[in-house]
>>> print(open('model07.cif').read())   # mmCIF, N, CA and C atoms and all ligand atoms
data_entry
#
loop_
_atom_site.label_atom_id
_atom_site.label_comp_id
_atom_site.auth_asym_id
_atom_site.auth_seq_id
_atom_site.Cartn_x
_atom_site.Cartn_y
_atom_site.Cartn_z
N MET A 1 -6.53 -29.04 -34.45
CA MET A 1 -6.65 -29.99 -33.33
C MET A 1 -5.54 -29.77 -32.31
N LYS A 2 -4.32 -29.60 -32.82
CA LYS A 2 -3.20 -29.37 -31.91
C LYS A 2 -3.42 -28.07 -31.12
N ARG A 3 -3.94 -27.09 -31.85
CA ARG A 3 -4.17 -25.79 -31.21
C ARG A 3 -5.20 -25.90 -30.07
N LEU A 4 -6.20 -26.74 -30.33
CA LEU A 4 -7.23 -26.92 -29.32
C LEU A 4 -6.62 -27.56 -28.06
N ALA A 5 -5.76 -28.56 -28.28
CA ALA A 5 -5.12 -29.23 -27.14
C ALA A 5 -4.30 -28.23 -26.34
N THR A 6 -3.59 -27.34 -27.03
CA THR A 6 -2.78 -26.35 -26.34
C THR A 6 -3.67 -25.44 -25.49
N LEU A 7 -4.77 -25.03 -26.10
CA LEU A 7 -5.68 -24.14 -25.36
C LEU A 7 -6.22 -24.83 -24.11
N THR A 8 -6.57 -26.11 -24.28
CA THR A 8 -7.12 -26.85 -23.14
C THR A 8 -6.08 -26.93 -22.03
N LEU A 9 -4.83 -27.22 -22.43
CA LEU A 9 -3.76 -27.33 -21.43
C LEU A 9 -3.58 -26.00 -20.71
N THR A 10 -3.64 -24.91 -21.47
CA THR A 10 -3.48 -23.60 -20.84
C THR A 10 -4.58 -23.39 -19.81
N GLY A 11 -5.79 -23.81 -20.16
CA GLY A 11 -6.90 -23.65 -19.23
C GLY A 11 -6.67 -24.44 -17.96
N VAL A 12 -6.17 -25.66 -18.11
CA VAL A 12 -5.92 -26.50 -16.93
C VAL A 12 -4.85 -25.87 -16.05
N ALA A 13 -3.80 -25.33 -16.69
CA ALA A 13 -2.73 -24.70 -15.92
C ALA A 13 -3.28 -23.49 -15.15
N ALA A 14 -4.15 -22.73 -15.80
CA ALA A 14 -4.70 -21.55 -15.13
C ALA A 14 -5.54 -21.97 -13.93
N LEU A 15 -6.31 -23.05 -14.10
CA LEU A 15 -7.13 -23.55 -12.99
C LEU A 15 -6.25 -23.99 -11.83
N ALA A 16 -5.18 -24.73 -12.16
CA ALA A 16 -4.29 -25.22 -11.12
C ALA A 16 -3.68 -24.03 -10.38
N LEU A 17 -3.34 -23.01 -11.12
CA LEU A 17 -2.72 -21.83 -10.52
C LEU A 17 -3.70 -21.15 -9.57
N SER A 18 -4.94 -20.98 -10.01
CA SER A 18 -5.88 -20.27 -9.13
C SER A 18 -6.20 -21.12 -7.91
N ALA A 19 -6.16 -22.45 -8.05
CA ALA A 19 -6.38 -23.31 -6.88
C ALA A 19 -5.24 -23.11 -5.89
N ALA A 20 -4.01 -23.01 -6.42
CA ALA A 20 -2.86 -22.82 -5.54
C ALA A 20 -2.97 -21.48 -4.82
N VAL A 21 -3.41 -20.46 -5.53
CA VAL A 21 -3.54 -19.14 -4.91
C VAL A 21 -4.59 -19.19 -3.81
N GLN A 22 -5.69 -19.90 -4.06
CA GLN A 22 -6.74 -19.99 -3.05
C GLN A 22 -6.30 -20.78 -1.83
N ALA A 23 -5.42 -21.76 -2.05
CA ALA A 23 -4.99 -22.58 -0.93
C ALA A 23 -4.16 -21.76 0.05
N GLU A 24 -3.47 -20.76 -0.45
CA GLU A 24 -2.67 -19.92 0.43
C GLU A 24 -3.04 -18.46 0.24
N PRO A 25 -4.07 -18.01 0.92
CA PRO A 25 -4.49 -16.62 0.74
C PRO A 25 -3.39 -15.66 1.22
N ASP A 26 -3.34 -14.49 0.63
CA ASP A 26 -2.34 -13.50 0.95
C ASP A 26 -2.84 -12.64 2.12
N GLY A 27 -2.40 -13.02 3.31
CA GLY A 27 -2.88 -12.35 4.52
C GLY A 27 -2.64 -10.85 4.51
N GLU A 28 -1.49 -10.45 3.97
CA GLU A 28 -1.17 -9.02 3.96
C GLU A 28 -2.14 -8.25 3.09
N ALA A 29 -2.42 -8.79 1.90
CA ALA A 29 -3.32 -8.10 0.97
C ALA A 29 -4.72 -8.02 1.57
N ILE A 30 -5.15 -9.11 2.22
CA ILE A 30 -6.49 -9.12 2.81
C ILE A 30 -6.56 -8.14 3.98
N TYR A 31 -5.51 -8.13 4.79
CA TYR A 31 -5.46 -7.17 5.91
C TYR A 31 -5.58 -5.74 5.38
N ASN A 32 -4.77 -5.45 4.36
CA ASN A 32 -4.77 -4.08 3.82
C ASN A 32 -6.14 -3.67 3.29
N GLN A 33 -6.82 -4.64 2.72
CA GLN A 33 -8.10 -4.33 2.10
C GLN A 33 -9.25 -4.34 3.11
N ALA A 34 -9.21 -5.28 4.06
CA ALA A 34 -10.43 -5.51 4.85
C ALA A 34 -10.29 -5.20 6.34
N CYS A 35 -9.09 -5.09 6.86
CA CYS A 35 -8.93 -5.00 8.31
C CYS A 35 -8.23 -3.71 8.76
N MET A 36 -7.40 -3.17 7.88
CA MET A 36 -6.52 -2.08 8.27
C MET A 36 -7.29 -0.86 8.77
N ALA A 37 -8.42 -0.57 8.15
CA ALA A 37 -9.15 0.66 8.48
C ALA A 37 -9.39 0.75 9.98
N CYS A 38 -9.70 -0.37 10.61
CA CYS A 38 -9.93 -0.35 12.06
C CYS A 38 -8.66 -0.72 12.82
N HIS A 39 -7.94 -1.72 12.35
CA HIS A 39 -6.85 -2.28 13.17
C HIS A 39 -5.55 -1.52 13.04
N MET A 40 -5.47 -0.50 12.20
CA MET A 40 -4.28 0.36 12.20
C MET A 40 -4.53 1.56 13.10
N THR A 41 -5.78 2.00 13.17
CA THR A 41 -6.11 3.24 13.88
C THR A 41 -6.70 3.00 15.26
N GLY A 42 -7.21 1.79 15.49
CA GLY A 42 -7.90 1.53 16.75
C GLY A 42 -9.35 2.02 16.70
N ALA A 43 -9.88 2.25 15.52
CA ALA A 43 -11.26 2.72 15.37
C ALA A 43 -12.21 1.78 16.10
N ALA A 44 -13.17 2.34 16.79
CA ALA A 44 -14.21 1.57 17.50
C ALA A 44 -13.61 0.67 18.58
N GLY A 45 -12.36 0.98 19.00
CA GLY A 45 -11.73 0.18 20.06
C GLY A 45 -11.04 -1.06 19.55
N ALA A 46 -10.76 -1.12 18.26
CA ALA A 46 -10.08 -2.28 17.69
C ALA A 46 -8.64 -2.36 18.21
N PRO A 47 -8.19 -3.56 18.58
CA PRO A 47 -6.79 -3.73 18.98
C PRO A 47 -5.87 -3.43 17.79
N ILE A 48 -4.83 -2.64 18.03
CA ILE A 48 -3.98 -2.16 16.93
C ILE A 48 -2.89 -3.18 16.61
N LYS A 49 -2.69 -3.37 15.30
CA LYS A 49 -1.67 -4.31 14.83
C LYS A 49 -0.30 -3.91 15.40
N GLY A 50 0.39 -4.88 15.98
CA GLY A 50 1.74 -4.64 16.47
C GLY A 50 1.80 -4.08 17.89
N ASN A 51 0.66 -3.76 18.49
CA ASN A 51 0.63 -3.22 19.85
C ASN A 51 0.48 -4.37 20.85
N GLU A 52 1.58 -4.76 21.48
CA GLU A 52 1.55 -5.95 22.34
C GLU A 52 0.54 -5.81 23.47
N GLY A 53 0.44 -4.61 24.03
CA GLY A 53 -0.49 -4.38 25.14
C GLY A 53 -1.93 -4.65 24.73
N HIS A 54 -2.26 -4.32 23.48
CA HIS A 54 -3.63 -4.52 23.02
C HIS A 54 -3.94 -6.01 22.82
N TRP A 55 -2.91 -6.79 22.56
CA TRP A 55 -3.15 -8.17 22.15
C TRP A 55 -2.89 -9.20 23.26
N ALA A 56 -2.10 -8.83 24.27
CA ALA A 56 -1.66 -9.82 25.26
C ALA A 56 -2.83 -10.64 25.82
N GLU A 57 -3.88 -9.95 26.31
CA GLU A 57 -4.99 -10.69 26.90
C GLU A 57 -5.75 -11.51 25.87
N ARG A 58 -5.89 -10.93 24.68
CA ARG A 58 -6.65 -11.64 23.64
C ARG A 58 -5.93 -12.91 23.21
N LEU A 59 -4.59 -12.83 23.15
CA LEU A 59 -3.82 -14.01 22.72
C LEU A 59 -3.99 -15.17 23.69
N GLU A 60 -4.27 -14.85 24.96
CA GLU A 60 -4.43 -15.93 25.94
C GLU A 60 -5.63 -16.81 25.62
N LYS A 61 -6.58 -16.30 24.84
CA LYS A 61 -7.74 -17.10 24.46
C LYS A 61 -7.36 -18.23 23.50
N GLY A 62 -6.22 -18.06 22.83
CA GLY A 62 -5.79 -19.06 21.86
C GLY A 62 -6.24 -18.68 20.46
N MET A 63 -5.46 -19.14 19.49
CA MET A 63 -5.71 -18.76 18.10
C MET A 63 -7.08 -19.22 17.60
N ASP A 64 -7.52 -20.40 18.04
CA ASP A 64 -8.79 -20.91 17.52
C ASP A 64 -9.93 -19.95 17.84
N GLU A 65 -9.91 -19.40 19.05
CA GLU A 65 -10.99 -18.50 19.43
C GLU A 65 -10.84 -17.15 18.69
N LEU A 66 -9.60 -16.71 18.51
CA LEU A 66 -9.39 -15.45 17.79
C LEU A 66 -9.88 -15.60 16.34
N TYR A 67 -9.57 -16.75 15.74
CA TYR A 67 -10.07 -17.00 14.37
C TYR A 67 -11.59 -16.97 14.36
N ALA A 68 -12.18 -17.70 15.31
CA ALA A 68 -13.65 -17.83 15.32
C ALA A 68 -14.30 -16.47 15.52
N ASN A 69 -13.75 -15.66 16.45
CA ASN A 69 -14.34 -14.35 16.69
C ASN A 69 -14.19 -13.43 15.48
N SER A 70 -13.08 -13.58 14.74
CA SER A 70 -12.89 -12.76 13.54
C SER A 70 -13.91 -13.15 12.47
N ILE A 71 -14.21 -14.42 12.40
CA ILE A 71 -15.14 -14.91 11.38
C ILE A 71 -16.59 -14.60 11.77
N ASN A 72 -16.90 -14.73 13.05
CA ASN A 72 -18.29 -14.55 13.50
C ASN A 72 -18.60 -13.15 13.99
N GLY A 73 -17.54 -12.35 14.23
CA GLY A 73 -17.74 -11.01 14.77
C GLY A 73 -17.61 -11.02 16.28
N ILE A 74 -17.19 -9.89 16.83
CA ILE A 74 -17.05 -9.75 18.28
C ILE A 74 -17.20 -8.27 18.63
N GLY A 75 -18.03 -7.98 19.62
CA GLY A 75 -18.23 -6.60 20.03
C GLY A 75 -18.57 -5.70 18.84
N ALA A 76 -17.78 -4.64 18.65
CA ALA A 76 -18.06 -3.68 17.59
C ALA A 76 -17.55 -4.17 16.23
N MET A 77 -16.91 -5.33 16.20
CA MET A 77 -16.40 -5.84 14.92
C MET A 77 -17.43 -6.74 14.25
N PRO A 78 -17.88 -6.36 13.05
CA PRO A 78 -18.85 -7.23 12.34
C PRO A 78 -18.17 -8.50 11.86
N PRO A 79 -18.95 -9.56 11.57
CA PRO A 79 -18.34 -10.80 11.05
C PRO A 79 -17.43 -10.50 9.87
N LYS A 80 -16.22 -11.09 9.90
CA LYS A 80 -15.23 -10.92 8.83
C LYS A 80 -14.92 -9.44 8.58
N GLY A 81 -15.05 -8.62 9.60
CA GLY A 81 -14.78 -7.19 9.46
C GLY A 81 -15.74 -6.51 8.50
N GLY A 82 -16.89 -7.16 8.25
CA GLY A 82 -17.88 -6.59 7.34
C GLY A 82 -17.66 -7.01 5.90
N HIS A 83 -16.71 -7.90 5.67
CA HIS A 83 -16.41 -8.35 4.30
C HIS A 83 -16.87 -9.79 4.15
N ALA A 84 -18.17 -9.96 3.96
CA ALA A 84 -18.77 -11.30 3.92
C ALA A 84 -18.26 -12.11 2.73
N ASN A 85 -17.64 -11.44 1.75
CA ASN A 85 -17.13 -12.14 0.58
C ASN A 85 -15.86 -12.94 0.88
N LEU A 86 -15.22 -12.65 2.00
CA LEU A 86 -13.98 -13.36 2.34
C LEU A 86 -14.31 -14.78 2.81
N SER A 87 -13.46 -15.74 2.43
CA SER A 87 -13.63 -17.10 2.95
C SER A 87 -13.05 -17.14 4.36
N ASP A 88 -13.39 -18.19 5.10
CA ASP A 88 -12.85 -18.34 6.44
C ASP A 88 -11.32 -18.40 6.39
N GLU A 89 -10.80 -19.09 5.36
CA GLU A 89 -9.35 -19.22 5.24
C GLU A 89 -8.69 -17.86 5.03
N GLU A 90 -9.36 -17.01 4.27
CA GLU A 90 -8.81 -15.68 4.02
C GLU A 90 -8.79 -14.84 5.29
N VAL A 91 -9.85 -14.95 6.08
CA VAL A 91 -9.89 -14.21 7.35
C VAL A 91 -8.77 -14.71 8.27
N LYS A 92 -8.59 -16.03 8.31
CA LYS A 92 -7.54 -16.59 9.17
C LYS A 92 -6.16 -16.11 8.73
N ALA A 93 -5.94 -16.04 7.42
CA ALA A 93 -4.65 -15.56 6.92
C ALA A 93 -4.42 -14.11 7.34
N ALA A 94 -5.49 -13.32 7.33
CA ALA A 94 -5.36 -11.91 7.74
C ALA A 94 -5.07 -11.83 9.24
N VAL A 95 -5.69 -12.72 10.04
CA VAL A 95 -5.41 -12.76 11.48
C VAL A 95 -3.93 -13.11 11.69
N ASP A 96 -3.44 -14.11 10.96
CA ASP A 96 -2.04 -14.51 11.09
C ASP A 96 -1.12 -13.33 10.78
N PHE A 97 -1.44 -12.61 9.71
CA PHE A 97 -0.60 -11.47 9.32
C PHE A 97 -0.65 -10.39 10.40
N MET A 98 -1.83 -10.16 10.93
CA MET A 98 -2.00 -9.09 11.91
C MET A 98 -1.27 -9.42 13.21
N LEU A 99 -1.25 -10.68 13.61
CA LEU A 99 -0.68 -11.05 14.90
C LEU A 99 0.80 -11.40 14.82
N GLU A 100 1.30 -11.56 13.62
CA GLU A 100 2.68 -12.00 13.45
C GLU A 100 3.67 -11.18 14.29
N PRO A 101 3.54 -9.83 14.36
CA PRO A 101 4.53 -9.05 15.14
C PRO A 101 4.43 -9.24 16.65
N VAL A 102 3.31 -9.77 17.16
CA VAL A 102 3.16 -9.87 18.61
C VAL A 102 3.20 -11.32 19.10
N LEU A 103 3.44 -12.26 18.21
CA LEU A 103 3.50 -13.67 18.64
C LEU A 103 4.89 -14.03 19.12
C1 LIG A 201 -15.21 -1.98 11.49
C2 LIG A 201 -13.91 -2.08 12.16
C3 LIG A 201 -13.18 -3.40 12.07
C4 LIG A 201 -12.77 -4.08 10.95
C5 LIG A 201 -12.95 -3.66 9.48
C6 LIG A 201 -12.08 -5.26 11.41
N1 LIG A 201 -12.08 -5.31 12.78
FE1 LIG A 201 -11.24 -6.77 13.95
N2 LIG A 201 -11.93 -5.83 15.60
C7 LIG A 201 -12.62 -4.63 15.63
C8 LIG A 201 -12.95 -4.30 17.01
C9 LIG A 201 -13.72 -3.06 17.46
C10 LIG A 201 -12.45 -5.34 17.82
C11 LIG A 201 -12.56 -5.49 19.33
C12 LIG A 201 -13.89 -6.15 19.63
C13 LIG A 201 -14.12 -6.41 21.10
O1 LIG A 201 -13.32 -7.13 21.72
O2 LIG A 201 -15.11 -5.92 21.62
C14 LIG A 201 -11.80 -6.29 16.90
C15 LIG A 201 -11.17 -7.46 17.31
C16 LIG A 201 -10.48 -8.31 16.47
C17 LIG A 201 -9.76 -9.48 16.90
C18 LIG A 201 -9.62 -9.98 18.33
C19 LIG A 201 -10.75 -10.92 18.59
C20 LIG A 201 -10.75 -11.46 20.02
O3 LIG A 201 -11.29 -12.56 20.20
O4 LIG A 201 -10.24 -10.80 20.94
C21 LIG A 201 -9.22 -10.06 15.79
C22 LIG A 201 -8.35 -11.29 15.73
C23 LIG A 201 -9.64 -9.26 14.66
N3 LIG A 201 -10.40 -8.22 15.11
C24 LIG A 201 -9.32 -9.55 13.36
C25 LIG A 201 -9.79 -8.82 12.25
C26 LIG A 201 -9.51 -9.19 10.90
C27 LIG A 201 -8.69 -10.38 10.46
C28 LIG A 201 -10.12 -8.24 10.10
C29 LIG A 201 -10.15 -8.18 8.58
C30 LIG A 201 -10.68 -9.35 7.90
C31 LIG A 201 -10.77 -7.30 10.99
N4 LIG A 201 -10.55 -7.68 12.28
C32 LIG A 201 -11.51 -6.19 10.57
C33 LIG A 201 -12.96 -3.86 14.55
C34 LIG A 201 -12.74 -4.19 13.22
#
>>> encode(input="model07.cif", output="structure tokens")
Amino acid sequence: MKRLATLTLTGVAALALSAAVQAEPDGEAIYNQACMACHMTGAAGAPIKGNEGHWAERLEKGMDELYANSINGIGAMPPKGGHANLSDEEVKAAVDFMLEPVL
């Protein structure tokens, strides 16, 4: 019985941990996995991470619109960069990571 209680507690702790991880997605990891292929090289005309000239005009639209366009797609960029498995929060975290050097 005691062993069962310990197992249950471990399960609850694991759930709490994964909830915490989901609440704060790792923008860098998501960028590396889902965005870098285009946004490091400028493939298909993608604005390059860290290039102020590429981002200045886009930043004037405001973060809300940049988030929305990343989630819904814009021009040659498919919705969520083609990674439909990402949550909106994960895409936003990747946008934050990508824009951090030019903000
Ligand atoms: C298949 C290539 C590709 C991938 C993968 C990709 N993008 Fe893009 N992205 C583009 C292109 C091309 C544009 C420019 C589109 C335009 O303005 O016509 C763009 C534009 C953007 C913009 C500017 C939007 C605006 O309103 O000006 C943001 C922000 C952005 N991408 C974020 C991301 C994020 C975050 C990811 C990863 C989840 C990602 N992109 C993955 C190609 C890509």
>>> atom_distance(input="model07.cif", atom1="atom C31 of ligand LIG 201 (chain A)", atom2="atom C of Ala34 (chain A)")
5.1 Å
>>> closest_residue(input="model07.cif", among="A:Ala56, A:Ala93, A:Met98, A:Leu103", to="Asp26 (chain A)", atoms="only N, CA and C atoms")
A:Ala93
>>> residues_near_ligand(input="model07.cif", ligand="ligand LIG 201 (chain A)", cutoff="6 Å", atoms="all atoms listed in the file", output="MDAnalysis selection string")
chainID A and resid 30:31 34:39 43:47 58 65:67 69:70 74:78 80:82 91 94:95
>>> atom_distance(input="model07.cif", atom1="CA of Gly62 (chain A)", atom2="CA of Asn85 (chain A)")
25.1 Å
>>> closest_residue(input="model07.cif", among="A:Leu59, A:Met40, A:Val102, A:Ala29", to="Leu86 (chain A)", atoms="only C-alpha atoms")
A:Ala29
>>> atom_distance(input="model07.cif", atom1="atom C of Pro25 (chain A)", atom2="atom N of Glu100 (chain A)")
13.9 Å
>>> closest_residue(input="model07.cif", among="A:Leu99, A:Ile71, A:Met63, A:Ile48", to="Ala84 (chain A)", atoms="only C-alpha atoms")
A:Ile71
